[in-house]
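K.L.:
Just so it is clear, I am handing over model_27.pdb, which has PDB, C-alpha atoms, pLDDT in the B column.
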```pdb
ATOM      1  CA  MET A   6     121.266 -39.036  77.980  1.00 69.00           C
ATOM      2  CA  THR A   7     118.139 -37.620  76.396  1.00 84.00           C
ATOM      3  CA  HIS A   8     118.149 -34.681  74.061  1.00 89.00           C
ATOM      4  CA  GLN A   9     116.686 -31.553  75.668  1.00 92.00           C
ATOM      5  CA  PRO A  10     114.896 -29.113  73.373  1.00 94.00           C
ATOM      6  CA  VAL A  11     116.321 -25.614  73.311  1.00 94.00           C
ATOM      7  CA  VAL A  12     114.148 -23.020  74.990  1.00 94.00           C
ATOM      8  CA  THR A  13     113.836 -19.801  73.002  1.00 93.00           C
ATOM      9  CA  CYS A  14     112.645 -16.359  73.992  1.00 94.00           C
ATOM     10  CA  GLN A  15     111.558 -13.716  71.537  1.00 93.00           C
ATOM     11  CA  ALA A  16     110.173 -10.215  71.918  1.00 93.00           C
ATOM     12  CA  THR A  17     107.025  -9.947  69.823  1.00 96.00           C
ATOM     13  CA  GLU A  18     105.589  -6.588  70.768  1.00 97.00           C
ATOM     14  CA  TYR A  19     106.688  -3.031  71.551  1.00 97.00           C
ATOM     15  CA  GLU A  20     104.628  -0.177  72.950  1.00 97.00           C
ATOM     16  CA  VAL A  21     105.412   3.266  71.555  1.00 97.00           C
ATOM     17  CA  SER A  22     103.948   6.317  73.255  1.00 96.00           C
ATOM     18  CA  LEU A  23     104.790   9.921  73.977  1.00 94.00           C
ATOM     19  CA  LEU A  24     103.069   9.661  77.360  1.00 94.00           C
ATOM     20  CA  PRO A  25     105.018   8.225  80.294  1.00 91.00           C
ATOM     21  CA  GLU A  26     104.368   4.680  81.447  1.00 91.00           C
ATOM     22  CA  ASN A  27     102.488   5.748  84.589  1.00 89.00           C
ATOM     23  CA  ASP A  28     100.174   8.225  82.809  1.00 90.00           C
ATOM     24  CA  ILE A  29      96.498   7.266  83.124  1.00 90.00           C
ATOM     25  CA  ASN A  30      95.892   8.146  79.448  1.00 91.00           C
ATOM     26  CA  ARG A  31      98.864   6.248  78.022  1.00 93.00           C
ATOM     27  CA  HIS A  32      96.829   3.285  76.788  1.00 94.00           C
ATOM     28  CA  VAL A  33      94.764   5.435  74.409  1.00 95.00           C
ATOM     29  CA  TYR A  34      97.860   7.205  73.065  1.00 96.00           C
ATOM     30  CA  THR A  35      99.902   4.041  72.497  1.00 97.00           C
ATOM     31  CA  ILE A  36     100.963   2.527  69.194  1.00 97.00           C
ATOM     32  CA  THR A  37     101.895  -1.143  69.140  1.00 97.00           C
ATOM     33  CA  VAL A  38     104.610  -2.657  66.971  1.00 97.00           C
ATOM     34  CA  GLN A  39     103.823  -6.375  66.632  1.00 96.00           C
ATOM     35  CA  TYR A  40     105.864  -9.191  65.171  1.00 96.00           C
ATOM     36  CA  ARG A  41     104.028 -10.920  62.316  1.00 93.00           C
ATOM     37  CA  GLY A  42     106.597 -13.546  61.366  1.00 93.00           C
ATOM     38  CA  GLU A  43     109.386 -13.851  58.820  1.00 94.00           C
ATOM     39  CA  GLY A  44     111.145 -10.766  60.207  1.00 95.00           C
ATOM     40  CA  ARG A  45     108.168  -8.517  59.472  1.00 96.00           C
ATOM     41  CA  TRP A  46     106.475  -6.193  61.917  1.00 97.00           C
ATOM     42  CA  ALA A  47     103.127  -4.365  61.863  1.00 95.00           C
ATOM     43  CA  VAL A  48     102.490  -0.912  63.347  1.00 97.00           C
ATOM     44  CA  THR A  49      99.014  -0.995  64.889  1.00 96.00           C
ATOM     45  CA  ARG A  50      96.704   1.120  66.967  1.00 95.00           C
ATOM     46  CA  HIS A  51      93.377  -0.288  68.099  1.00 91.00           C
ATOM     47  CA  SER A  52      92.014  -1.970  64.956  1.00 87.00           C
ATOM     48  CA  SER A  53      94.063  -0.013  62.435  1.00 93.00           C
ATOM     49  CA  CYS A  54      97.362  -0.704  60.722  1.00 94.00           C
ATOM     50  CA  LEU A  55      99.877   1.895  59.537  1.00 96.00           C
ATOM     51  CA  GLY A  56     100.961   1.806  55.912  1.00 95.00           C
ATOM     52  CA  ALA A  57     104.296   2.827  54.440  1.00 95.00           C
ATOM     53  CA  ASP A  58     102.605   5.991  53.144  1.00 94.00           C
ATOM     54  CA  GLY A  59     101.822   7.107  56.719  1.00 94.00           C
ATOM     55  CA  THR A  60      98.069   6.481  56.578  1.00 94.00           C
ATOM     56  CA  TRP A  61      96.141   4.311  58.998  1.00 94.00           C
ATOM     57  CA  GLU A  62      93.860   1.670  57.529  1.00 90.00           C
ATOM     58  CA  PHE A  63      91.174  -0.232  59.407  1.00 86.00           C
ATOM     59  CA  GLY A  64      91.833  -3.938  59.723  1.00 73.00           C
ATOM     60  CA  VAL A  65      94.944  -5.757  60.850  1.00 59.00           C
ATOM     61  CA  LYS A  66      94.126  -9.343  59.836  1.00 64.00           C
ATOM     62  CA  GLU A  67      96.611 -10.723  57.353  1.00 63.00           C
ATOM     63  CA  TYR A  68      94.377 -13.446  55.957  1.00 67.00           C
ATOM     64  CA  ASP A  69      91.980 -11.043  54.287  1.00 67.00           C
ATOM     65  CA  ARG A  70      94.711  -8.992  52.560  1.00 75.00           C
ATOM     66  CA  GLY A  71      96.731  -9.563  49.415  1.00 82.00           C
ATOM     67  CA  ASP A  72     100.506  -9.515  49.060  1.00 85.00           C
ATOM     68  CA  ASN A  73     100.567  -5.891  47.869  1.00 89.00           C
ATOM     69  CA  TRP A  74      98.735  -4.731  50.984  1.00 88.00           C
ATOM     70  CA  LEU A  75     100.944  -6.826  53.258  1.00 89.00           C
ATOM     71  CA  ASN A  76     104.114  -5.530  51.616  1.00 91.00           C
ATOM     72  CA  SER A  77     103.056  -1.935  52.244  1.00 94.00           C
ATOM     73  CA  HIS A  78     101.968  -2.610  55.852  1.00 94.00           C
ATOM     74  CA  ARG A  79     104.808  -4.850  57.128  1.00 95.00           C
ATOM     75  CA  PHE A  80     108.303  -3.628  57.911  1.00 97.00           C
ATOM     76  CA  ASP A  81     111.624  -4.640  59.354  1.00 97.00           C
ATOM     77  CA  LEU A  82     111.832  -3.793  63.064  1.00 97.00           C
ATOM     78  CA  ASP A  83     113.880  -0.603  62.690  1.00 97.00           C
ATOM     79  CA  THR A  84     111.478   0.825  60.117  1.00 97.00           C
ATOM     80  CA  ALA A  85     108.410  -0.155  62.151  1.00 97.00           C
ATOM     81  CA  LEU A  86     109.768   1.510  65.293  1.00 97.00           C
ATOM     82  CA  ARG A  87     110.774   4.635  63.355  1.00 97.00           C
ATOM     83  CA  LEU A  88     107.288   4.934  61.824  1.00 97.00           C
ATOM     84  CA  ALA A  89     105.639   4.390  65.217  1.00 97.00           C
ATOM     85  CA  ARG A  90     107.842   7.070  66.821  1.00 97.00           C
ATOM     86  CA  GLU A  91     106.967   9.511  64.043  1.00 96.00           C
ATOM     87  CA  GLN A  92     103.237   8.880  64.513  1.00 97.00           C
ATOM     88  CA  ALA A  93     103.169   8.868  68.353  1.00 96.00           C
ATOM     89  CA  PRO A  94     103.018  12.667  68.868  1.00 95.00           C
ATOM     90  CA  GLN A  95     100.228  12.979  66.278  1.00 94.00           C
ATOM     91  CA  ILE A  96      97.715  10.548  67.801  1.00 95.00           C
ATOM     92  CA  VAL A  97      94.451  12.379  68.466  1.00 95.00           C
ATOM     93  CA  VAL A  98      92.027  11.439  71.244  1.00 94.00           C
ATOM     94  CA  ASN A  99      89.077  13.665  72.090  1.00 94.00           C
ATOM     95  CA  GLY A 100      90.496  16.420  69.908  1.00 95.00           C
ATOM     96  CA  ARG A 101      93.955  16.528  71.526  1.00 94.00           C
ATOM     97  CA  THR A 102      97.184  15.180  70.144  1.00 95.00           C
ATOM     98  CA  ALA A 103      99.555  13.226  72.353  1.00 95.00           C
ATOM     99  CA  ALA A 104     101.990  16.136  72.137  1.00 93.00           C
ATOM    100  CA  GLU A 105      99.306  18.534  73.435  1.00 93.00           C
ATOM    101  CA  VAL A 106      98.403  16.175  76.280  1.00 92.00           C
ATOM    102  CA  VAL A 107     102.036  15.904  77.348  1.00 90.00           C
ATOM    103  CA  GLU A 108     102.355  19.678  77.339  1.00 88.00           C
ATOM    104  CA  LEU A 109      99.102  20.139  79.277  1.00 86.00           C
ATOM    105  CA  THR A 110      99.978  17.586  81.940  1.00 82.00           C
ATOM    106  CA  ARG A 111     103.592  18.647  82.445  1.00 76.00           C
ATOM    107  CA  PRO A 112     103.831  20.034  85.958  1.00 69.00           C
ATOM    108  CA  ALA A 113     104.499  23.745  86.001  1.00 63.00           C
ATOM    109  CA  PRO A 114     107.297  24.916  88.230  1.00 59.00           C
ATOM    110  CA  ALA A 115     106.111  26.266  91.540  1.00 54.00           C
ATOM    111  CA  PRO A 116     106.273  30.069  91.618  1.00 55.00           C
ATOM    112  CA  ASP A 117     108.586  29.980  94.624  1.00 54.00           C
ATOM    113  CA  ASP A 118     111.049  27.552  93.030  1.00 50.00           C
ATOM    114  CA  ASP A 119     114.447  29.143  93.113  1.00 49.00           C
ATOM    115  CA  PRO A 120     117.436  27.961  91.131  1.00 50.00           C
ATOM    116  CA  ILE A 121     119.793  25.686  92.993  1.00 50.00           C
ATOM    117  CA  CYS A 122     123.247  27.116  93.378  1.00 50.00           C
ATOM    118  CA  GLY A 123     125.049  23.779  93.572  1.00 48.00           C
ATOM    119  CA  ASP A 124     127.093  24.977  96.524  1.00 48.00           C
ATOM    120  CA  GLN A 125     128.139  22.325  99.021  1.00 48.00           C
ATOM    121  CA  TYR A 126     126.010  22.093 102.132  1.00 47.00           C
ATOM    122  CA  ASP A 127     127.968  23.655 104.935  1.00 50.00           C
ATOM    123  CA  ASP A 128     125.248  25.527 106.808  1.00 50.00           C
ATOM    124  CA  GLU A 129     126.667  28.767 105.494  1.00 49.00           C
ATOM    125  CA  ILE A 130     124.786  31.462 103.665  1.00 48.00           C
ATOM    126  CA  CYS A 131     123.852  30.485 100.127  1.00 50.00           C
ATOM    127  CA  GLU A 132     125.599  32.720  97.603  1.00 53.00           C
ATOM    128  CA  LEU A 133     122.581  32.553  95.310  1.00 53.00           C
ATOM    129  CA  GLU A 134     120.094  33.590  97.953  1.00 51.00           C
ATOM    130  CA  PRO A 135     121.799  35.935 100.395  1.00 52.00           C
ATOM    131  CA  GLY A 136     120.242  35.708 103.819  1.00 51.00           C
ATOM    132  CA  HIS A 137     119.239  32.063 103.416  1.00 50.00           C
ATOM    133  CA  VAL A 138     120.877  28.760 104.191  1.00 49.00           C
ATOM    134  CA  GLY A 139     120.397  25.604 102.161  1.00 47.00           C
ATOM    135  CA  ALA A 140     119.037  25.537  98.598  1.00 42.00           C
ATOM    136  CA  HIS A 141     121.920  23.249  97.819  1.00 46.00           C
ATOM    137  CA  SER A 142     122.291  20.062  95.825  1.00 46.00           C
ATOM    138  CA  THR A 143     124.980  17.406  95.794  1.00 43.00           C
ATOM    139  CA  GLY A 144     123.626  15.595  92.741  1.00 44.00           C
ATOM    140  CA  THR A 145     121.255  13.116  94.342  1.00 42.00           C
ATOM    141  CA  LEU A 146     120.716  14.863  97.669  1.00 43.00           C
ATOM    142  CA  CYS A 147     118.841  18.152  97.862  1.00 47.00           C
ATOM    143  CA  TRP A 148     117.609  20.115 100.822  1.00 43.00           C
ATOM    144  CA  ASP A 149     115.425  23.143 101.180  1.00 47.00           C
ATOM    145  CA  TYR A 150     116.647  26.526 102.142  1.00 45.00           C
ATOM    146  CA  ALA A 151     115.258  28.408 105.098  1.00 49.00           C
ATOM    147  CA  PRO A 152     115.596  31.992 106.212  1.00 49.00           C
ATOM    148  CA  GLU A 153     118.785  32.493 108.094  1.00 50.00           C
ATOM    149  CA  ARG A 154     118.107  32.636 111.795  1.00 53.00           C
ATOM    150  CA  PRO A 155     119.853  35.313 113.812  1.00 58.00           C
ATOM    151  CA  ARG A 156     122.621  33.761 115.819  1.00 58.00           C
ATOM    152  CA  PRO A 157     122.250  34.220 119.533  1.00 64.00           C
ATOM    153  CA  THR A 158     124.662  36.674 121.032  1.00 66.00           C
ATOM    154  CA  PRO A 159     126.710  35.265 123.902  1.00 64.00           C
TER     155      PRO A 159
END
```
Can you present the structure in this file as structure tokens?
P.N.:
Amino acid sequence: MTHQPVVTCQATEYEVSLLPENDINRHVYTITVQYRGEGRWAVTRHSSCLGADGTWEFGVKEYDRGDNWLNSHRFDLDTALRLAREQAPQIVVNGRTAAEVVELTRPAPAPDDDPICGDQYDDEICELEPGHVGAHSTGTLCWDYAPERPRPTP
């Protein structure tokens, strides 16, 4: 029987962003936490690297830096992720922070949105909206309300 080498898998990069994954602008508001070996991680954005003092410095190549620089720009994973999360809302692109972009792109509630009463659907009048049926939710199932139709007289 031949010896089979052990296959290993290792996460080497995290994306940290305030913008949701499907947002068209996410890539420009994303910070990357990258594994650099020996249990040390770098917090990067484009061609800059975050230091322990919270300032971004151009250049991420380890070979042109001394030990002092590396020690102040490499972290354990928990610290790197914490620093990236702290910086994510503050990223500025075209004069807007990530936090401002999130606020600007958050859909506003429609003016005719009414609160949902949570009553069970039973085709009876909604207690929240007298004169209407519907506007109910069962957790994952919602249906619209409609004006109550006059019932035909026999």
K.L.:
What residues come out when you apply the PyMOL selection byres ((chain A and resi 26-41) around 7) to this file, written as a VMD selection string?
P.N.:
chain A and resid 17 to 22 24 to 25 42 45 to 50 85 to 86 89 93 96 103
K.L.:
In Å, with one decimal, what is the gap from atom CA of A:Thr84 to atom CA of A:Glu62?
P.N.:
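Computed distance, atom CA of A:Thr84 to atom CA of A:Glu62, equals 17.8 Å.
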K.L.:
Extending 4 Å beyond the listed atoms of stretch 89-97 of chain A on each side, what axis-aligned box results? I want centre and edge lengths in Å to one decimal, as lines of an AutoDock Vina configuration file.
P.N.:
```
center_x = 101.1
center_y = 8.7
center_z = 66.5
size_x = 21.4
size_y = 16.6
size_z = 12.8
```
K.L.:
Near A:Asp58, within 9 Å and counting all atoms listed in the file, which residues show up once chain neighbours fewer than 3 positions away are dropped, as a list in words?
P.N.:
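The neighbour list is Leu55, Trp61 and Ser77 of chain A.
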K.L.:
To one decimal place in Å, what is the distance between atom CA of A:Arg111 and atom CA of A:Leu23?
P.N.:
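Computing it gives 12.2 Å between the two atoms.
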K.L.:
Mind pulling up the distance from atom CA of A:Gln15 to atom CA of A:His51?
P.N.:
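Between these atoms lies a distance of 22.9 Å.
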K.L.:
Counting all atoms listed in the file, which residue out of A:Cys14, A:Ala104, A:Ala57, A:Val98 sits closest to A:Asp81?
P.N.:
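Of the candidates, the smallest distance to A:Asp81 is held by A:Ala57.
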K.L.:
Which polymer residues have any atom within 8 Å of an atom of A:Gly64, counting only C-alpha atoms, with same-chain residues fewer than 2 positions away left out, as a PyMOL selection string?
P.N.:
chain A and resi 52-54+62+66
K.L.:
Starting from the block above, write stretch 95-111 of chain A out to a file with C-alpha atoms, as a PDB file, in the first residue's frame, please.
P.N.:
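Dumped to selection-v3.pdb:
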```
ATOM      1  CA  GLN A  95     -15.122  54.864   6.812  1.00  0.00           C
ATOM      2  CA  ILE A  96     -13.925  53.964   3.304  1.00  0.00           C
ATOM      3  CA  VAL A  97     -14.375  56.968   1.021  1.00  0.00           C
ATOM      4  CA  VAL A  98     -15.006  56.705  -2.722  1.00  0.00           C
ATOM      5  CA  ASN A  99     -15.930  59.765  -4.761  1.00  0.00           C
ATOM      6  CA  GLY A 100     -16.464  61.756  -1.581  1.00  0.00           C
ATOM      7  CA  ARG A 101     -18.893  59.312   0.068  1.00  0.00           C
ATOM      8  CA  THR A 102     -18.197  56.932   2.897  1.00  0.00           C
ATOM      9  CA  ALA A 103     -19.459  53.368   2.766  1.00  0.00           C
ATOM     10  CA  ALA A 104     -21.865  54.226   5.580  1.00  0.00           C
ATOM     11  CA  GLU A 105     -23.311  57.109   3.522  1.00  0.00           C
ATOM     12  CA  VAL A 106     -23.672  54.894   0.449  1.00  0.00           C
ATOM     13  CA  VAL A 107     -25.537  52.254   2.443  1.00  0.00           C
ATOM     14  CA  GLU A 108     -27.879  54.897   3.813  1.00  0.00           C
ATOM     15  CA  LEU A 109     -28.447  56.439   0.370  1.00  0.00           C
ATOM     16  CA  THR A 110     -29.171  53.125  -1.324  1.00  0.00           C
ATOM     17  CA  ARG A 111     -31.409  51.683   1.387  1.00  0.00           C
TER      18      ARG A 111
END
```
